[in-house]
Amino acid sequence: MRRAAELRLADSSSEKDHETSRPSGPQGPSGGSVMVPDLWPRRGKPVSLIRELRAANFRCFQAQQRVPLAPVTLLVGENSTGKTSLLALVRVLWDMAIPNSVPDFKEPPYDLGSFDEIAHHRGGRGGRAEEFTAGFTVPKEKPWLSDDYDDQDIREESRARYYDATFRRHGPSAVAVEHTIRNERAELTAQTPVNGGLEVEFRLGEALWRNAFPRLASDSLGSVNQHGSRPWRFFRSLVELKMVAEGPAAESRQPMPRGLRDLHQLNFEVNRLYLPRPFASAPVRSQPRRTYDPATAILDPEGGHIPMFLADMARRNPEAWRNIRAGLERFGREAGLFDKIGIRNLGRGRSDSGPFQVEVRRPGKRNKGAMRNLIDMGYGVSQVLPVVTELLRTIQPQMFLIQQPEVHLHPSAQAALGSFFCQAAATGKQLLIETHSDHLIDRIRMEVRDGTAGLEPNDVSLLYFERNNLSVSIHALGWDQEGNLVSRDGGIPTGYRDFFRTERRRSLGL
């Protein structure tokens, strides 16, 4: 019998005021200690915010890769096969399709370099590709729409949306020169050459509207082509007022159709005003310190903000602190790492502005041990604490890009982390996890087989990255209801099992 995972979440009323990150707009509901189905009434099941990722001539991927993404997506394969590059691409595309921003391929925790490092090099006479393409698909379902959203047409719309971009060189950088939004019946394309201007084309069936804007007044329209900026916010005014009909549309003097509105909703459906940008964690988290001085908790991929976040919550919002502490302690017990966590205030008067320490207690079968400083508990606890804390927060993104969460954890703790990820996905989060841990992967397989976390086989995608000479192919795998490995794109590569046999021998030091 399937049961929903009882993963406790928590919120701090001071979280927005005392944590600084890249602006992301409203970040969802908040509240006290409640079970998952009550806290996320419209997100009480696994969802995929992005259903498919596409890339061609990008880094080590020459042929176009069409990668299915699930609520839990595991990225496995040898080193230097593009796993981290794929995570970086997700965030770049998210930023391009949602905010009006220049794509940043070098924002931590990723650094993909300049165009020469990003565009695929074929080797020999093939040389380097002159452009690369990438895109993603938003699913038909809209579980992220609030219950009080009053546009019934959008709520009932069942077409998937597709976003694609083409990148070329501009100086040393890779910039987007073409953007396309489409669904099953319409397509909107904007070309923004690096020398300026904007060319827009809209298709609906056989009807076609297009126009070119070689020079745009920056004072009235803004800088549309800031070398990769998204021009979508100008589409409604530009297209509806200035587009020129061609072909059948011109002959019938057909006005701009309302179909444009269908495409414009891609901008809404994944807009950061409703969905914050994905949180990306670094492969190695920050080193613990024996004593921390209070400071503003600035979002950090390495998790350096987590001690300040926990201390601020403990001092300013005791109820929220009890809730998130319960979630951390539950994971700590199941992983065999700790059974209690606390904040010890230091200094005269032990005020909110004084230094503090993070303490945990090692679990014991009979006797309870003493609280010990986090730095004295082994590296694994401090490495996993930021990842677990981010997933337990209620004011947070819904998509997480996680690198090697198993670092410095023993096998049983790695397995417990796999269960924790399944429980988090069951609350409506989408997780992309790069891992080398067969213990973590096997636990997720068993969670799918046993139904203990509320995940179905289609809620988990296993992506195996296989090198072939100078290029890499991604194989989409998964598990059936019985936990058997299955292929979702044609066959299980022989290198997959060889890869994990090699990893197991490495872990044993053989």
# chains A, B, ... in the order shown; residues from 1 in each chain; ligands from 1
>>> residues_around(residues="region 341-344 of chain A", least_positions_apart="6", cutoff="9 Å", atoms="only C-alpha atoms", output="PDB file with N, CA and C atoms, in the first residue's frame")
ATOM      1  N   PRO A 307      24.410  28.121   8.277  1.00  0.00           N
ATOM      2  CA  PRO A 307      24.509  28.353   9.729  1.00  0.00           C
ATOM      3  C   PRO A 307      23.823  29.649  10.161  1.00  0.00           C
ATOM      4  N   LEU A 310      20.001  29.146  10.047  1.00  0.00           N
ATOM      5  CA  LEU A 310      19.496  28.355  11.170  1.00  0.00           C
ATOM      6  C   LEU A 310      19.528  29.154  12.468  1.00  0.00           C
ATOM      7  N   ALA A 311      20.627  29.883  12.690  1.00  0.00           N
ATOM      8  CA  ALA A 311      20.727  30.670  13.920  1.00  0.00           C
ATOM      9  C   ALA A 311      19.682  31.775  13.951  1.00  0.00           C
ATOM     10  N   ALA A 314      16.375  30.195  14.777  1.00  0.00           N
ATOM     11  CA  ALA A 314      16.289  29.779  16.177  1.00  0.00           C
ATOM     12  C   ALA A 314      16.053  30.971  17.098  1.00  0.00           C
ATOM     13  N   ARG A 315      16.633  32.125  16.745  1.00  0.00           N
ATOM     14  CA  ARG A 315      16.533  33.292  17.607  1.00  0.00           C
ATOM     15  C   ARG A 315      15.243  34.078  17.397  1.00  0.00           C
ATOM     16  N   ARG A 325      14.018  21.996  12.658  1.00  0.00           N
ATOM     17  CA  ARG A 325      14.902  21.145  13.451  1.00  0.00           C
ATOM     18  C   ARG A 325      14.379  19.716  13.487  1.00  0.00           C
ATOM     19  N   ALA A 326      13.051  19.555  13.580  1.00  0.00           N
ATOM     20  CA  ALA A 326      12.473  18.210  13.575  1.00  0.00           C
ATOM     21  C   ALA A 326      12.772  17.501  12.262  1.00  0.00           C
ATOM     22  N   LEU A 328      15.344  18.093  10.207  1.00  0.00           N
ATOM     23  CA  LEU A 328      16.774  17.786  10.171  1.00  0.00           C
ATOM     24  C   LEU A 328      17.096  16.593  11.062  1.00  0.00           C
ATOM     25  N   GLU A 329      16.503  16.558  12.254  1.00  0.00           N
ATOM     26  CA  GLU A 329      16.792  15.462  13.177  1.00  0.00           C
ATOM     27  C   GLU A 329      16.221  14.146  12.671  1.00  0.00           C
ATOM     28  N   GLY A 332      18.696  13.053  10.175  1.00  0.00           N
ATOM     29  CA  GLY A 332      19.925  12.659  10.860  1.00  0.00           C
ATOM     30  C   GLY A 332      19.827  11.285  11.489  1.00  0.00           C
ATOM     31  N   ARG A 350      24.522  36.632  25.690  1.00  0.00           N
ATOM     32  CA  ARG A 350      24.042  35.697  24.670  1.00  0.00           C
ATOM     33  C   ARG A 350      22.907  36.310  23.850  1.00  0.00           C
ATOM     34  N   PRO A 355      28.148  35.890  18.827  1.00  0.00           N
ATOM     35  CA  PRO A 355      28.596  34.711  18.081  1.00  0.00           C
ATOM     36  C   PRO A 355      27.825  33.469  18.514  1.00  0.00           C
ATOM     37  N   PHE A 356      27.913  32.440  17.702  1.00  0.00           N
ATOM     38  CA  PHE A 356      27.169  31.217  17.997  1.00  0.00           C
ATOM     39  C   PHE A 356      27.904  30.021  17.417  1.00  0.00           C
ATOM     40  N   GLN A 357      27.495  28.843  17.858  1.00  0.00           N
ATOM     41  CA  GLN A 357      28.022  27.579  17.351  1.00  0.00           C
ATOM     42  C   GLN A 357      26.868  26.680  16.933  1.00  0.00           C
ATOM     43  N   VAL A 358      27.129  25.836  15.939  1.00  0.00           N
ATOM     44  CA  VAL A 358      26.167  24.817  15.532  1.00  0.00           C
ATOM     45  C   VAL A 358      26.600  23.506  16.170  1.00  0.00           C
ATOM     46  N   GLU A 359      25.694  22.877  16.912  1.00  0.00           N
ATOM     47  CA  GLU A 359      26.018  21.648  17.622  1.00  0.00           C
ATOM     48  C   GLU A 359      25.071  20.522  17.216  1.00  0.00           C
ATOM     49  N   VAL A 360      25.602  19.316  17.230  1.00  0.00           N
ATOM     50  CA  VAL A 360      24.787  18.136  16.962  1.00  0.00           C
ATOM     51  C   VAL A 360      25.159  17.055  17.969  1.00  0.00           C
ATOM     52  N   ARG A 361      24.282  16.067  18.090  1.00  0.00           N
ATOM     53  CA  ARG A 361      24.525  14.960  19.016  1.00  0.00           C
ATOM     54  C   ARG A 361      24.549  13.658  18.240  1.00  0.00           C
ATOM     55  N   MET A 371      26.238  17.046  23.346  1.00  0.00           N
ATOM     56  CA  MET A 371      26.220  17.869  22.143  1.00  0.00           C
ATOM     57  C   MET A 371      27.657  18.217  21.774  1.00  0.00           C
TER      58      MET A 371
END
>>> closest_residue(among="A:Ser353, A:Gln414, A:Thr81, A:Gln396", to="Gly380 (chain A)", atoms="only C-alpha atoms")
A:Gln414
>>> residues_around(residues="region 125-128 of chain A", least_positions_apart="6", cutoff="12 Å", atoms="only C-alpha atoms", output="tab-separated table (two decimals) with C-alpha atoms, in the first residue's frame")
chain	number	residue	atom	x	y	z
A	57	ASN	CA	26.77	21.22	-30.42
A	58	PHE	CA	26.90	22.18	-26.75
A	59	ARG	CA	30.10	21.25	-24.90
A	60	CYS	CA	30.64	17.50	-25.38
A	62	GLN	CA	27.45	17.07	-30.84
A	115	PHE	CA	32.23	30.48	-26.58
A	116	ASP	CA	35.32	28.43	-27.47
A	117	GLU	CA	34.84	26.29	-24.37
A	118	ILE	CA	31.07	25.97	-24.79
A	119	ALA	CA	30.63	25.23	-28.51
A	168	ARG	CA	26.68	32.30	-31.57
A	169	ARG	CA	29.95	34.02	-30.85
A	470	LEU	CA	34.93	13.12	-28.78
>>> residues_around(residues="Thr494 (chain A)", least_positions_apart="5", cutoff="12 Å", atoms="only C-alpha atoms", output="number ranges by chain")
A: 464, 466, 475, 487, 499-501
>>> residues_around(residues="Phe279 (chain A)", least_positions_apart="6", cutoff="9 Å", atoms="only C-alpha atoms", output="list in words")
Arg91, Pro301, Glu390, Gln396, Pro397, Gln398, Met399, Phe400, Leu401 and Ile402 of chain A
>>> select_by_dssp(residues="region 268-352 of chain A", states="strand (DSSP E or B)", output="VMD selection string")
chain A and resid 279 to 280 292 297 to 298 340 to 345
>>> write_last_selection(atoms="N, CA and C atoms", output="short mmCIF file (atom, residue, chain, number, x, y, z; two decimals), in the first residue's frame")
data_model
loop_
_atom_site.label_atom_id
_atom_site.label_comp_id
_atom_site.auth_asym_id
_atom_site.auth_seq_id
_atom_site.Cartn_x
_atom_site.Cartn_y
_atom_site.Cartn_z
N PHE A 279 17.59 26.50 -7.55
CA PHE A 279 18.72 26.60 -6.63
C PHE A 279 19.78 25.60 -7.08
N ALA A 280 21.00 26.08 -7.24
CA ALA A 280 22.11 25.24 -7.69
C ALA A 280 23.13 25.10 -6.57
N TYR A 292 30.69 31.01 14.67
CA TYR A 292 30.21 31.90 13.60
C TYR A 292 29.86 33.25 14.20
N ALA A 297 22.50 36.38 5.86
CA ALA A 297 22.62 35.08 5.17
C ALA A 297 22.46 35.29 3.67
N ILE A 298 23.57 35.45 2.97
CA ILE A 298 23.55 35.64 1.52
C ILE A 298 23.61 34.28 0.85
N LYS A 340 20.13 15.01 17.16
CA LYS A 340 19.73 16.30 17.69
C LYS A 340 20.64 17.37 17.12
N ILE A 341 20.07 18.53 16.82
CA ILE A 341 20.85 19.67 16.33
C ILE A 341 20.39 20.91 17.08
N GLY A 342 21.32 21.80 17.37
CA GLY A 342 20.98 23.00 18.11
C GLY A 342 21.92 24.14 17.82
N ILE A 343 21.53 25.33 18.24
CA ILE A 343 22.34 26.54 18.12
C ILE A 343 22.74 26.97 19.53
N ARG A 344 24.03 27.11 19.76
CA ARG A 344 24.54 27.53 21.06
C ARG A 344 25.01 28.98 20.95
N ASN A 345 24.31 29.87 21.64
CA ASN A 345 24.67 31.29 21.62
C ASN A 345 25.82 31.54 22.59
#
>>> atom_distance(atom1="CA of Met96 (chain A)", atom2="CA of Ser461 (chain A)")
24.8 Å
>>> select_by_dssp(residues="region 285-384 of chain A", states="alpha helix (DSSP H)", output="PyMOL selection string")
chain A and resi 306-316+318-335+379-384
>>> atom_distance(atom1="CA of Ala190 (chain A)", atom2="CA of Glu130 (chain A)")
19.3 Å
>>> atom_distance(atom1="CA of Leu208 (chain A)", atom2="CA of Ala134 (chain A)")
24.6 Å
>>> closest_residue(among="A:His408, A:Gln403, A:Ser281, A:Glu319", to="Leu299 (chain A)", atoms="only C-alpha atoms")
A:Ser281
>>> residues_around(residues="Ala56 (chain A)", least_positions_apart="5", cutoff="12 Å", atoms="only C-alpha atoms", output="list in words")
Phe61, Gln62, Ala63, Gln64, Gln65, Arg66, Val67, Leu86, Leu89, Ile118, Ala119, His120, His121, Ala129, Glu130, Glu131, Phe132, Thr133, Ala134, Gly135, Asp164, Ala165, Thr166, Phe167, Ser471, Val472, Ser473 and Ile474 of chain A
>>> closest_residue(among="A:Gly336, A:Pro68, A:Pro139, A:Pro457", to="His410 (chain A)", atoms="only C-alpha atoms")
A:Gly336
>>> closest_residue(among="A:Asp498, A:Glu52, A:Asp293, A:Leu75", to="Leu440 (chain A)", atoms="only C-alpha atoms")
A:Leu75
>>> residues_around(residues="Arg203 (chain A)", least_positions_apart="3", cutoff="6 Å", atoms="only C-alpha atoms", output="ChimeraX atom specification")
/A:186-187,207-208
